[in-house]
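Here's the structure we're looking at; comments come further down.
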2 protein chains.
Amino acid sequence: MAVYHFGGGCPDPGSFPLDGMAAAAQRALPGLREELCNYPDRRGHRPLREVAAARFQRREGIALDPDTFCLTNGSQQAITLVCQALVRPGDPVVVEEFLYSGTLRALRHVGARVVGVPMDGEGMRMDRLEATLDDLRAQGSPPAFIYTTPTYQNPTGATLSVARRERMLELALAQNIPIVDDQCYADLDFDGPAPLSLKALDRDDQVILFESFSKIMGPGIRMGCFSCSPALQDRILAHKIDGGTSVLAAAILAEYLRENLADHIAEIRRVVSRKRDAICAALERHLGDLCTWNQPAGGYFIWIRVPDTCDTARLDELANAAGIRYGTGRAFHSANATVPYFRLSFAYPSEEEIEEGVAEMARCVRAALPERVAVAV
Amino acid sequence: MAVYHFGGGCPDPGSFPLDGMAAAAQRALPGLREELCNYPDRRGHRPLREVAAARFQRREGIALDPDTFCLTNGSQQAITLVCQALVRPGDPVVVEEFLYSGTLRALRHVGARVVGVPMDGEGMRMDRLEATLDDLRAQGSPPAFIYTTPTYQNPTGATLSVARRERMLELALAQNIPIVDDQCYADLDFDGPAPLSLKALDRDDQVILFESFSKIMGPGIRMGCFSCSPALQDRILAHKIDGGTSVLAAAILAEYLRENLADHIAEIRRVVSRKRDAICAALERHLGDLCTWNQPAGGYFIWIRVPDTCDTARLDELANAAGIRYGTGRAFHSANATVPYFRLSFAYPSEEEIEEGVAEMARCVRAALPERVAVAV
């Protein structure tokens, strides 16, 4: 049976630089004798932290000290550590109403009270954030932190405007609340550069930046990083009891990206933006009469609203039976609610798979509608 | 200033197979496109789990299913996860009186009550383990688990006899207490094969086996694993919220070890056993009149007892000033007590460094004795 891979946030396999990474391994290994035979630096292999700083400077125009960066086992470990460091059971954490399911897992694991803020087409609404923070203050329980993916958000694809970013910084600063600024997707811009990150706009060292190499390379490498103030770095690293992040993986990746970062990002941006166009066209053809979505300006995801009458549990059964791997809306909802949405990840499948898979998914959506509606169409 | 590297449990750098690993990277990478572009299997890259099972079978004569193994970021992550899964704050965990400082860190991090059992030259005393378990039962607080490094123990170098291993299994089974059997050093046998592991003697699936690739390769790779029952595996993996263990690092290592495991172990055993002989000879020459130790039959460590009159705080100052990296006895003590011991790790320094460093350490020990004793010598 055909399988349609719209599930995980996985990159285009065709553009993974196998030859480049093999060549990087050849170049890197001879110099690694001492480092491989010792435990890693607590912040991780420095050359990859230098690449992370250079990548940020290239994108944001601001030089961060490589020693403010710490490597992690993907940014998934970064959010897990931040939760362990900053959240006591019952503490509120403020998030977008819809967010990455891996972040939800980390939050729930430490017993956080997940407080979702409603979104619109431009991401988190700042009037609602302000009301939420006021409420929490009135309850005497300010949030441990605010978590946001402001750029090409997962799962909605939305991008927060610069004005909203400035407002979020202002609201957080007023109560001295740290902000986690997850920039996993920021290099995947299809329609021009993304707005500056919260980290780049941050004048008060209140932002914890997350970067990932999973989305420009591949999640199987397991490499991400965070950058924050020295005081927060110490608090977060106190929970990193894993002996350090792989020097072998970090050094090969650093050696590859040191020379190829700009070219490789340009390549994946080209490939993935074509897939974005393909999935938007396929959705228009097959679901344009029934569903709505906003065309993401970057990233990996398209977030589709189904009619309120759609039985999403039935849709899930049908899609699973049809071999469609995708994300249910519920998996991304801050309160685990059933919602009339689903997420398609479009970087991994081929353009042919996108066309066929969307057609198949459209059949499932129609079959999950009440009969009278299905007849009317 | 000269630095003497007797500190961390690091392998011989000269025998790290840089060329072999570079060649393995060349061979492995072409087949990794799909795996690198997806999130890893929850248990980790299967070929390395197969290598782990083959290594165990070669050493212990018993075939474990590769699916009972889960890869971790070194065995340090394994102990961290086991602590998170099995220990609630205040729960006792029974350990050898002296143990690996990284295990102590993980235990203290989750608020375990660390209960050390006295040791003799053959490791943990079973009469004292029995008394400890009886006491805990009487208090209504059985331990969350027993942690032991029965073979070439860190830091003492002691090896538990088979009779004691059988007795430990029996005592634990009577109260249904899991045993963590940390076999990090078991392949480093200099004087003939090590006794069978607790895992190999385990008939009731009560043992969680830890293996590490750090001690036969290098800790900078960050690769270890555990093997246990499916029920315990699920409980432990529920805490592994890091997105999975690096496929890049695991696949290169698996490709290297698939062909070279036996030869490489023979090589490091040869090199490190010479260093063991060198450090024992140097200790005899420089400290034979003052200190005692037992010659380790394998592993990385020698555990030296200084005279009770030795001022270990003064010794630490002197040794640090002399550039000697080593382990204080206190760092390994289950109750963080000041004890008349120190640990030297002998796999990493060269034979020349061993000779000079031990001579230097002997000067420090003598200078940390009360004056009349120093004069008398």
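Each chain of the structure tokens is named A, B, ... in the order shown, its residues numbered from 1; ligands are numbered from 1 in display order.
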Each residue of chain B with at least one atom at most 7 Å from chain A should appear once, together with its nearest atom pair and the corresponding distance in Å (one decimal); atoms considered: only C-alpha atoms; ordering: chain, then increasing residue number; output as a tab-separated table.
residue	atom	partner	partner_atom	distance
B:Cys10	CA	A:Asn38	CA	5.7
B:Pro11	CA	A:Cys37	CA	5.9
B:Pro13	CA	A:Cys37	CA	5.8
B:Phe16	CA	A:Arg33	CA	6.9
B:Leu18	CA	A:Leu29	CA	6.0
B:Ala22	CA	A:Gln26	CA	5.4
B:Ala25	CA	A:Ala22	CA	6.1
B:Gln26	CA	A:Ala22	CA	5.4
B:Leu29	CA	A:Leu18	CA	6.0
B:Pro30	CA	A:Leu18	CA	6.1
B:Arg33	CA	A:Pro13	CA	6.3
B:Glu34	CA	A:Pro13	CA	6.5
B:Glu35	CA	A:Gly220	CA	6.1
B:Leu36	CA	A:Gly220	CA	3.9
B:Cys37	CA	A:Gly218	CA	4.4
B:Asn38	CA	A:Cys10	CA	5.7
B:Tyr39	CA	A:Gly220	CA	5.3
B:Pro40	CA	A:Gly220	CA	5.7
B:Asn73	CA	A:Asp242	CA	6.1
B:Gly74	CA	A:Gly243	CA	6.9
B:Gln76	CA	A:Asp242	CA	5.2
B:Gln77	CA	A:Asp242	CA	4.4
B:Thr80	CA	A:Ile241	CA	6.6
B:Ala106	CA	A:Ile241	CA	6.8
B:Gly218	CA	A:Cys37	CA	4.4
B:Pro219	CA	A:Tyr39	CA	5.3
B:Gly220	CA	A:Leu36	CA	4.0
B:Ile221	CA	A:Ser246	CA	5.1
B:Arg222	CA	A:Ser246	CA	5.1
B:Ile241	CA	A:Thr80	CA	6.6
B:Asp242	CA	A:Gln77	CA	4.4
B:Gly243	CA	A:Gln76	CA	5.8
B:Thr245	CA	A:Arg222	CA	6.8
B:Ser246	CA	A:Arg222	CA	5.1
B:Val247	CA	A:Gly220	CA	5.1
B:Leu248	CA	A:Ile221	CA	5.2
B:Ala249	CA	A:Ala249	CA	5.5
Grab the residues selected above and save them as a PDB file, in the first residue's frame with C-alpha atoms.
ATOM      1  CA  CYS B  10      39.258   8.367  29.551  1.00  0.00           C
ATOM      2  CA  PRO B  11      40.698   5.750  27.191  1.00  0.00           C
ATOM      3  CA  PRO B  13      44.116   8.201  22.913  1.00  0.00           C
ATOM      4  CA  PHE B  16      41.510   5.469  19.052  1.00  0.00           C
ATOM      5  CA  LEU B  18      40.657   7.596  13.656  1.00  0.00           C
ATOM      6  CA  ALA B  22      36.749   7.793   8.930  1.00  0.00           C
ATOM      7  CA  ALA B  25      31.843   7.030   7.929  1.00  0.00           C
ATOM      8  CA  GLN B  26      32.552   6.677   4.195  1.00  0.00           C
ATOM      9  CA  LEU B  29      26.813   7.517   5.079  1.00  0.00           C
ATOM     10  CA  PRO B  30      25.540   6.478   1.626  1.00  0.00           C
ATOM     11  CA  ARG B  33      19.602   9.112   3.703  1.00  0.00           C
ATOM     12  CA  GLU B  34      16.222   8.014   5.056  1.00  0.00           C
ATOM     13  CA  GLU B  35      17.352   7.545   8.641  1.00  0.00           C
ATOM     14  CA  LEU B  36      19.140  10.895   8.878  1.00  0.00           C
ATOM     15  CA  CYS B  37      16.087  12.679   7.489  1.00  0.00           C
ATOM     16  CA  ASN B  38      13.744  11.116  10.045  1.00  0.00           C
ATOM     17  CA  TYR B  39      13.623  11.025  13.827  1.00  0.00           C
ATOM     18  CA  PRO B  40      15.443   7.992  15.221  1.00  0.00           C
ATOM     19  CA  ASN B  73      23.864   9.354  25.151  1.00  0.00           C
ATOM     20  CA  GLY B  74      26.571   7.377  26.949  1.00  0.00           C
ATOM     21  CA  GLN B  76      25.481   8.510  31.857  1.00  0.00           C
ATOM     22  CA  GLN B  77      22.133   9.142  30.189  1.00  0.00           C
ATOM     23  CA  THR B  80      19.906   9.520  34.561  1.00  0.00           C
ATOM     24  CA  ALA B 106      22.213  11.477  38.833  1.00  0.00           C
ATOM     25  CA  GLY B 218      35.914   7.216  23.462  1.00  0.00           C
ATOM     26  CA  PRO B 219      33.447   9.197  25.569  1.00  0.00           C
ATOM     27  CA  GLY B 220      33.319  11.998  22.978  1.00  0.00           C
ATOM     28  CA  ILE B 221      31.175   9.744  20.787  1.00  0.00           C
ATOM     29  CA  ARG B 222      28.557   9.700  23.584  1.00  0.00           C
ATOM     30  CA  ILE B 241      12.424  13.179  25.869  1.00  0.00           C
ATOM     31  CA  ASP B 242      15.363  14.098  23.674  1.00  0.00           C
ATOM     32  CA  GLY B 243      14.055  13.123  20.246  1.00  0.00           C
ATOM     33  CA  THR B 245      19.960   9.172  20.013  1.00  0.00           C
ATOM     34  CA  SER B 246      22.148  10.376  17.136  1.00  0.00           C
ATOM     35  CA  VAL B 247      21.869   8.104  14.105  1.00  0.00           C
ATOM     36  CA  LEU B 248      24.968   9.727  12.633  1.00  0.00           C
ATOM     37  CA  ALA B 249      27.165   8.800  15.594  1.00  0.00           C
TER      38      ALA B 249
END
Return chain A as a compact mmCIF listing (two decimals) with C-alpha atoms, in the first residue's frame, after superposing it on chain B by a least-squares fit that covers all C-alpha atoms paired in order.
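After the write, out_6.txt holds the following:
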# COMPACT_ATOMS: atom_id res chain seq x y z
CA MET A 1 53.62 23.45 33.50
CA ALA A 2 53.26 19.71 33.05
CA VAL A 3 49.78 18.28 33.51
CA TYR A 4 49.27 14.68 34.58
CA HIS A 5 46.00 13.24 33.31
CA PHE A 6 44.88 10.77 35.95
CA GLY A 7 41.46 12.42 36.26
CA GLY A 8 38.54 11.31 34.11
CA GLY A 9 37.81 7.77 32.98
CA CYS A 10 39.26 8.39 29.54
CA PRO A 11 40.70 5.76 27.19
CA ASP A 12 44.13 5.52 25.64
CA PRO A 13 44.12 8.20 22.91
CA GLY A 14 46.80 6.44 20.87
CA SER A 15 44.57 3.47 20.16
CA PHE A 16 41.52 5.46 19.07
CA PRO A 17 40.89 4.25 15.49
CA LEU A 18 40.65 7.58 13.66
CA ASP A 19 41.34 6.04 10.25
CA GLY A 20 38.98 3.17 10.90
CA MET A 21 36.19 5.52 11.96
CA ALA A 22 36.76 7.77 8.94
CA ALA A 23 36.54 4.74 6.67
CA ALA A 24 33.41 3.59 8.51
CA ALA A 25 31.85 7.02 7.95
CA GLN A 26 32.55 6.66 4.20
CA ARG A 27 30.87 3.28 4.13
CA ALA A 28 27.95 4.14 6.40
CA LEU A 29 26.81 7.52 5.11
CA PRO A 30 25.54 6.48 1.65
CA GLY A 31 22.96 4.20 3.25
CA LEU A 32 21.68 6.70 5.81
CA ARG A 33 19.60 9.11 3.73
CA GLU A 34 16.21 8.02 5.08
CA GLU A 35 17.36 7.56 8.66
CA LEU A 36 19.15 10.91 8.90
CA CYS A 37 16.09 12.70 7.51
CA ASN A 38 13.74 11.13 10.06
CA TYR A 39 13.63 11.06 13.84
CA PRO A 40 15.47 8.02 15.24
CA ASP A 41 13.83 4.81 16.34
CA ARG A 42 12.89 5.15 20.03
CA ARG A 43 15.44 2.45 20.91
CA GLY A 44 18.07 3.90 18.57
CA HIS A 45 19.79 2.82 15.35
CA ARG A 46 19.26 -0.93 15.15
CA PRO A 47 22.67 -1.96 13.73
CA LEU A 48 24.40 -0.58 16.83
CA ARG A 49 21.96 -2.44 19.07
CA GLU A 50 22.90 -5.57 17.13
CA VAL A 51 26.57 -4.82 17.79
CA ALA A 52 25.77 -4.39 21.49
CA ALA A 53 23.99 -7.76 21.56
CA ALA A 54 26.86 -9.42 19.67
CA ARG A 55 29.39 -7.91 22.06
CA PHE A 56 27.45 -9.25 25.04
CA GLN A 57 27.14 -12.70 23.48
CA ARG A 58 30.85 -12.81 22.69
CA ARG A 59 31.75 -11.92 26.26
CA GLU A 60 29.01 -13.70 28.18
CA GLY A 61 27.86 -16.50 25.90
CA ILE A 62 24.23 -15.42 26.04
CA ALA A 63 22.14 -14.05 23.19
CA LEU A 64 20.04 -11.02 24.15
CA ASP A 65 17.47 -9.71 21.69
CA PRO A 66 18.73 -6.43 20.15
CA ASP A 67 15.26 -5.03 20.84
CA THR A 68 15.90 -5.31 24.58
CA PHE A 69 18.70 -2.74 24.07
CA CYS A 70 18.12 1.01 23.91
CA LEU A 71 20.87 3.40 22.89
CA THR A 72 21.62 6.32 25.17
CA ASN A 73 23.88 9.36 25.18
CA GLY A 74 26.59 7.38 26.97
CA SER A 75 25.68 5.22 29.94
CA GLN A 76 25.49 8.51 31.87
CA GLN A 77 22.14 9.15 30.20
CA ALA A 78 21.09 5.58 31.05
CA ILE A 79 21.58 6.10 34.79
CA THR A 80 19.91 9.52 34.58
CA LEU A 81 16.84 8.00 32.90
CA VAL A 82 16.70 5.06 35.31
CA CYS A 83 16.77 7.51 38.22
CA GLN A 84 14.00 9.60 36.67
CA ALA A 85 11.92 6.49 35.99
CA LEU A 86 12.32 4.60 39.26
CA VAL A 87 13.13 7.08 42.03
CA ARG A 88 10.79 9.44 43.84
CA PRO A 89 12.43 12.03 46.10
CA GLY A 90 13.50 10.36 49.33
CA ASP A 91 13.47 6.83 47.93
CA PRO A 92 16.53 4.82 48.96
CA VAL A 93 18.88 3.50 46.29
CA VAL A 94 21.45 0.94 47.40
CA VAL A 95 24.98 1.32 46.04
CA GLU A 96 28.55 0.33 46.74
CA GLU A 97 30.07 2.53 49.45
CA PHE A 98 32.32 4.02 46.78
CA LEU A 99 30.92 4.54 43.29
CA TYR A 100 31.14 6.50 40.06
CA SER A 101 30.65 10.21 40.74
CA GLY A 102 28.40 10.59 37.67
CA THR A 103 26.00 8.03 39.12
CA LEU A 104 26.06 9.92 42.41
CA ARG A 105 25.20 13.12 40.56
CA ALA A 106 22.21 11.48 38.84
CA LEU A 107 21.00 9.96 42.13
CA ARG A 108 21.29 13.21 44.02
CA HIS A 109 19.58 15.13 41.22
CA VAL A 110 16.36 13.14 41.67
CA GLY A 111 16.58 13.37 45.45
CA ALA A 112 17.44 9.73 46.07
CA ARG A 113 18.55 8.69 49.53
CA VAL A 114 21.91 7.12 48.66
CA VAL A 115 22.59 4.09 50.87
CA GLY A 116 26.16 2.83 50.60
CA VAL A 117 27.05 -0.77 51.42
CA PRO A 118 30.58 -1.40 52.75
CA MET A 119 33.05 -3.09 50.41
CA ASP A 120 36.14 -5.20 50.79
CA GLY A 121 38.76 -6.27 48.26
CA GLU A 122 36.11 -8.30 46.42
CA GLY A 123 33.60 -5.47 46.15
CA MET A 124 30.26 -5.08 47.92
CA ARG A 125 29.91 -7.25 51.04
CA MET A 126 26.84 -9.45 50.80
CA ASP A 127 26.36 -9.76 54.58
CA ARG A 128 26.14 -5.98 54.73
CA LEU A 129 23.85 -5.82 51.69
CA GLU A 130 21.51 -8.28 53.39
CA ALA A 131 21.51 -6.23 56.59
CA THR A 132 20.88 -3.04 54.61
CA LEU A 133 17.95 -4.54 52.71
CA ASP A 134 16.50 -5.92 55.96
CA ASP A 135 16.78 -2.50 57.59
CA LEU A 136 15.10 -0.78 54.68
CA ARG A 137 12.31 -3.33 54.66
CA ALA A 138 11.83 -2.82 58.38
CA GLN A 139 11.57 0.93 57.74
CA GLY A 140 8.91 0.25 55.11
CA SER A 141 11.04 1.85 52.39
CA PRO A 142 12.55 -0.74 50.06
CA PRO A 143 15.11 0.67 47.62
CA ALA A 144 14.07 1.79 44.14
CA PHE A 145 16.99 -0.28 42.84
CA ILE A 146 20.47 -1.57 43.60
CA TYR A 147 23.23 -0.03 41.49
CA THR A 148 26.48 -1.95 41.10
CA THR A 149 29.56 -1.95 38.91
CA PRO A 150 30.55 -5.52 39.74
CA THR A 151 33.43 -5.81 37.30
CA TYR A 152 36.60 -3.68 37.60
CA GLN A 153 34.63 -1.27 39.71
CA ASN A 154 34.91 2.48 39.47
CA PRO A 155 36.68 3.75 41.56
CA THR A 156 38.03 0.76 43.50
CA GLY A 157 38.94 -1.62 40.68
CA ALA A 158 37.35 -4.44 42.70
CA THR A 159 35.56 -7.36 41.06
CA LEU A 160 32.63 -9.10 42.71
CA SER A 161 32.94 -12.89 42.82
CA VAL A 162 30.36 -15.08 41.07
CA ALA A 163 29.17 -16.33 44.45
CA ARG A 164 28.48 -12.76 45.57
CA ARG A 165 26.73 -12.00 42.28
CA GLU A 166 24.44 -15.00 42.77
CA ARG A 167 23.76 -13.88 46.31
CA MET A 168 22.95 -10.34 45.22
CA LEU A 169 20.44 -11.66 42.68
CA GLU A 170 18.87 -13.84 45.38
CA LEU A 171 18.60 -11.00 47.90
CA ALA A 172 17.14 -8.63 45.33
CA LEU A 173 14.69 -11.19 43.99
CA ALA A 174 13.33 -11.86 47.47
CA GLN A 175 12.11 -8.26 47.61
CA ASN A 176 11.58 -7.80 43.86
CA ILE A 177 14.20 -5.04 43.66
CA PRO A 178 15.66 -4.22 40.23
CA ILE A 179 19.46 -4.35 39.91
CA VAL A 180 21.39 -2.00 37.65
CA ASP A 181 24.44 -3.96 36.45
CA ASP A 182 26.88 -1.41 35.04
CA GLN A 183 29.29 -3.33 32.80
CA CYS A 184 31.16 -0.32 31.39
CA TYR A 185 34.58 -1.85 31.98
CA ALA A 186 33.92 -5.58 31.51
CA ASP A 187 35.80 -5.87 28.20
CA LEU A 188 38.93 -4.37 29.74
CA ASP A 189 40.13 -7.62 31.31
CA PHE A 190 43.89 -7.94 31.69
CA ASP A 191 44.30 -11.18 33.64
CA GLY A 192 41.75 -13.42 31.99
CA PRO A 193 38.02 -13.17 31.42
CA ALA A 194 35.83 -11.34 33.91
CA PRO A 195 33.15 -13.27 35.82
CA LEU A 196 29.77 -13.46 34.13
CA SER A 197 27.69 -10.34 34.53
CA LEU A 198 24.65 -10.22 36.78
CA LYS A 199 22.62 -9.92 33.57
CA ALA A 200 24.03 -13.22 32.34
CA LEU A 201 23.23 -14.88 35.67
CA ASP A 202 19.77 -13.31 35.85
CA ARG A 203 16.96 -15.85 35.46
CA ASP A 204 14.13 -13.55 36.49
CA ASP A 205 14.57 -10.49 34.25
CA GLN A 206 15.29 -8.30 37.23
CA VAL A 207 18.55 -6.83 35.92
CA ILE A 208 19.01 -3.64 33.92
CA LEU A 209 22.29 -4.04 32.05
CA PHE A 210 24.37 -0.97 31.19
CA GLU A 211 27.00 -1.14 28.48
CA SER A 212 29.15 1.72 27.24
CA PHE A 213 31.13 2.37 24.10
CA SER A 214 33.06 5.15 25.87
CA LYS A 215 35.59 2.82 27.47
CA ILE A 216 36.41 0.75 24.41
CA MET A 217 36.26 3.72 22.02
CA GLY A 218 35.92 7.22 23.48
CA PRO A 219 33.46 9.21 25.59
CA GLY A 220 33.33 12.01 22.99
CA ILE A 221 31.19 9.74 20.80
CA ARG A 222 28.57 9.70 23.60
CA MET A 223 27.18 6.25 23.08
CA GLY A 224 26.01 3.70 25.60
CA CYS A 225 22.99 1.47 26.01
CA PHE A 226 20.86 -0.44 28.46
CA SER A 227 19.02 -3.75 28.18
CA CYS A 228 16.12 -4.83 30.37
CA SER A 229 12.60 -6.28 30.37
CA PRO A 230 9.99 -4.71 28.06
CA ALA A 231 8.03 -3.33 31.03
CA LEU A 232 11.08 -1.57 32.48
CA GLN A 233 12.13 -0.43 29.00
CA ASP A 234 8.79 1.36 28.58
CA ARG A 235 9.08 3.01 31.98
CA ILE A 236 12.63 4.19 31.31
CA LEU A 237 12.00 5.39 27.75
CA ALA A 238 9.02 7.45 28.96
CA HIS A 239 11.66 9.81 30.38
CA LYS A 240 13.84 9.93 27.25
CA ILE A 241 12.43 13.20 25.88
CA ASP A 242 15.38 14.11 23.68
CA GLY A 243 14.08 13.14 20.24
CA GLY A 244 16.29 10.03 20.10
CA THR A 245 19.98 9.20 20.03
CA SER A 246 22.17 10.39 17.16
CA VAL A 247 21.89 8.11 14.12
CA LEU A 248 24.99 9.73 12.65
CA ALA A 249 27.18 8.81 15.61
CA ALA A 250 25.54 5.40 16.10
CA ALA A 251 25.80 4.36 12.46
CA ILE A 252 29.48 5.26 12.10
CA LEU A 253 30.29 3.43 15.32
CA ALA A 254 28.23 0.39 14.32
CA GLU A 255 29.90 0.23 10.93
CA TYR A 256 33.34 0.34 12.55
CA LEU A 257 32.63 -2.19 15.31
CA ARG A 258 30.74 -4.63 13.08
CA GLU A 259 34.07 -5.65 11.59
CA ASN A 260 36.60 -4.58 14.19
CA LEU A 261 35.11 -5.23 17.63
CA ALA A 262 37.25 -8.22 18.62
CA ASP A 263 40.50 -6.86 17.20
CA HIS A 264 39.98 -3.44 18.71
CA ILE A 265 39.19 -4.81 22.17
CA ALA A 266 42.30 -6.99 22.00
CA GLU A 267 44.37 -3.94 21.10
CA ILE A 268 43.14 -1.69 23.90
CA ARG A 269 43.36 -4.53 26.40
CA ARG A 270 47.03 -4.93 25.44
CA VAL A 271 47.79 -1.20 25.68
CA VAL A 272 45.87 -0.50 28.87
CA SER A 273 47.13 -3.59 30.70
CA ARG A 274 50.68 -2.34 30.09
CA LYS A 275 49.68 0.94 31.67
CA ARG A 276 48.18 -0.94 34.61
CA ASP A 277 51.51 -2.69 35.07
CA ALA A 278 53.35 0.62 34.75
CA ILE A 279 51.25 2.40 37.35
CA CYS A 280 51.49 -0.49 39.80
CA ALA A 281 55.28 -0.50 39.40
CA ALA A 282 55.49 3.27 39.82
CA LEU A 283 53.28 3.18 42.91
CA GLU A 284 55.42 0.43 44.38
CA ARG A 285 58.55 2.47 43.77
CA HIS A 286 57.24 5.79 45.03
CA LEU A 287 54.55 4.98 47.57
CA GLY A 288 55.11 1.34 48.47
CA ASP A 289 56.22 2.28 51.98
CA LEU A 290 53.24 4.50 52.72
CA CYS A 291 50.13 3.51 50.78
CA THR A 292 48.22 0.39 49.82
CA TRP A 293 46.14 -0.57 46.79
CA ASN A 294 44.91 -3.72 45.15
CA GLN A 295 46.13 -4.48 41.67
CA PRO A 296 43.04 -4.18 39.43
CA ALA A 297 42.47 -7.17 37.15
CA GLY A 298 40.91 -4.87 34.57
CA GLY A 299 39.35 -1.50 33.93
CA TYR A 300 40.82 1.96 34.19
CA PHE A 301 41.30 2.69 37.88
CA ILE A 302 43.57 2.20 40.80
CA TRP A 303 42.33 3.13 44.25
CA ILE A 304 44.98 4.14 46.69
CA ARG A 305 44.71 4.20 50.45
CA VAL A 306 46.79 6.91 52.11
CA PRO A 307 47.78 6.85 55.79
CA ASP A 308 45.00 7.98 58.13
CA THR A 309 47.25 10.86 59.16
CA CYS A 310 47.35 12.23 55.60
CA ASP A 311 45.60 15.59 55.30
CA THR A 312 43.58 14.93 52.14
CA ALA A 313 42.50 18.57 51.80
CA ARG A 314 46.17 19.56 51.83
CA LEU A 315 46.95 16.73 49.41
CA ASP A 316 44.31 18.08 47.06
CA GLU A 317 45.81 21.59 47.13
CA LEU A 318 49.30 20.25 46.51
CA ALA A 319 48.22 17.91 43.74
CA ASN A 320 46.26 20.66 41.98
CA ALA A 321 49.24 22.98 42.24
CA ALA A 322 51.45 20.26 40.79
CA GLY A 323 49.17 19.85 37.75
CA ILE A 324 47.93 16.45 38.81
CA ARG A 325 44.40 15.71 37.69
CA TYR A 326 43.06 12.85 39.77
CA GLY A 327 39.97 11.86 41.75
CA THR A 328 39.61 12.65 45.43
CA GLY A 329 38.21 9.82 47.52
CA ARG A 330 35.39 12.03 48.62
CA ALA A 331 34.09 12.54 45.07
CA PHE A 332 33.24 8.83 44.97
CA HIS A 333 31.93 8.37 48.48
CA SER A 334 28.25 7.53 48.74
CA ALA A 335 27.83 9.90 51.69
CA ASN A 336 30.30 12.53 50.47
CA ALA A 337 32.62 11.80 53.39
CA THR A 338 36.29 12.67 53.56
CA VAL A 339 38.07 9.34 53.21
CA PRO A 340 41.78 8.37 53.07
CA TYR A 341 41.74 7.36 49.43
CA PHE A 342 42.35 8.76 45.98
CA ARG A 343 41.75 7.41 42.49
CA LEU A 344 44.17 7.39 39.60
CA SER A 345 42.85 6.66 36.12
CA PHE A 346 45.64 5.05 34.09
CA ALA A 347 44.29 4.43 30.59
CA TYR A 348 44.77 7.95 29.22
CA PRO A 349 48.28 9.07 30.29
CA SER A 350 51.37 7.73 28.56
CA GLU A 351 53.71 5.38 30.42
CA GLU A 352 56.18 8.26 30.84
CA GLU A 353 53.43 10.50 32.21
CA ILE A 354 52.46 7.71 34.59
CA GLU A 355 56.00 7.42 35.95
CA GLU A 356 56.48 11.16 36.38
CA GLY A 357 52.97 11.80 37.62
CA VAL A 358 53.08 9.08 40.26
CA ALA A 359 56.45 10.38 41.47
CA GLU A 360 54.94 13.86 41.72
CA MET A 361 51.84 12.56 43.49
CA ALA A 362 54.05 10.69 45.94
CA ARG A 363 55.81 13.96 46.81
CA CYS A 364 52.39 15.53 47.44
CA VAL A 365 51.29 12.65 49.68
CA ARG A 366 54.49 12.91 51.74
CA ALA A 367 54.06 16.66 52.05
CA ALA A 368 50.49 16.16 53.27
CA LEU A 369 51.61 13.96 56.16
CA PRO A 370 52.28 15.35 59.64
CA GLU A 371 55.90 16.43 59.93
CA ARG A 372 57.04 13.77 62.33
CA VAL A 373 55.88 11.05 59.97
CA ALA A 374 57.49 12.73 57.01
CA VAL A 375 60.74 12.85 58.95
CA ALA A 376 60.47 9.26 60.01
CA VAL A 377 60.26 8.06 56.41
>> With DSSP run on the backbone, what are the alpha helix (DSSP H) residues within range 203-352 of chain B? I'd like them as number ranges by chain.
In response: B: 230-237, 247-287, 312-321, 351-352
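Within range 37-200 of chain A, residues classed as strand (DSSP E) by DSSP on backbone coordinates are Phe69, Cys70, Leu71, Thr72, Pro92, Val93, Val94, Val95, Glu96, Arg113, Val114, Val115, Gly116, Val117, Met119, Asp120, Gly123, Met124, Ile146, Tyr147, Thr148, Ile179, Val180, Asp181 and Asp182 of chain A.
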Can I get the selection written as a compact mmCIF listing (two decimals), in the first residue's frame, with C-alpha atoms?
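Produced file result_18.txt, reproduced below:
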# COMPACT_ATOMS: atom_id res chain seq x y z
CA PHE A 69 25.39 28.75 22.86
CA CYS A 70 25.09 25.24 24.26
CA LEU A 71 24.66 22.23 22.02
CA THR A 72 21.79 19.87 22.73
CA PRO A 92 1.92 28.01 34.25
CA VAL A 93 3.78 28.21 30.96
CA VAL A 94 2.30 30.48 28.30
CA VAL A 95 2.26 29.16 24.73
CA GLU A 96 0.54 29.66 21.41
CA ARG A 113 0.02 24.11 33.52
CA VAL A 114 -0.08 24.81 29.77
CA VAL A 115 -1.83 28.12 29.07
CA GLY A 116 -2.62 28.63 25.40
CA VAL A 117 -3.06 32.11 23.94
CA MET A 119 -3.82 33.03 17.54
CA ASP A 120 -4.89 34.60 14.29
CA GLY A 123 0.32 34.17 15.16
CA MET A 124 -0.21 34.81 18.86
CA ILE A 146 6.59 32.11 27.43
CA TYR A 147 7.29 29.64 24.62
CA THR A 148 6.85 30.81 21.05
CA ILE A 179 10.81 34.04 26.56
CA VAL A 180 11.81 30.90 24.68
CA ASP A 181 12.20 31.94 21.02
CA ASP A 182 12.20 28.75 18.97
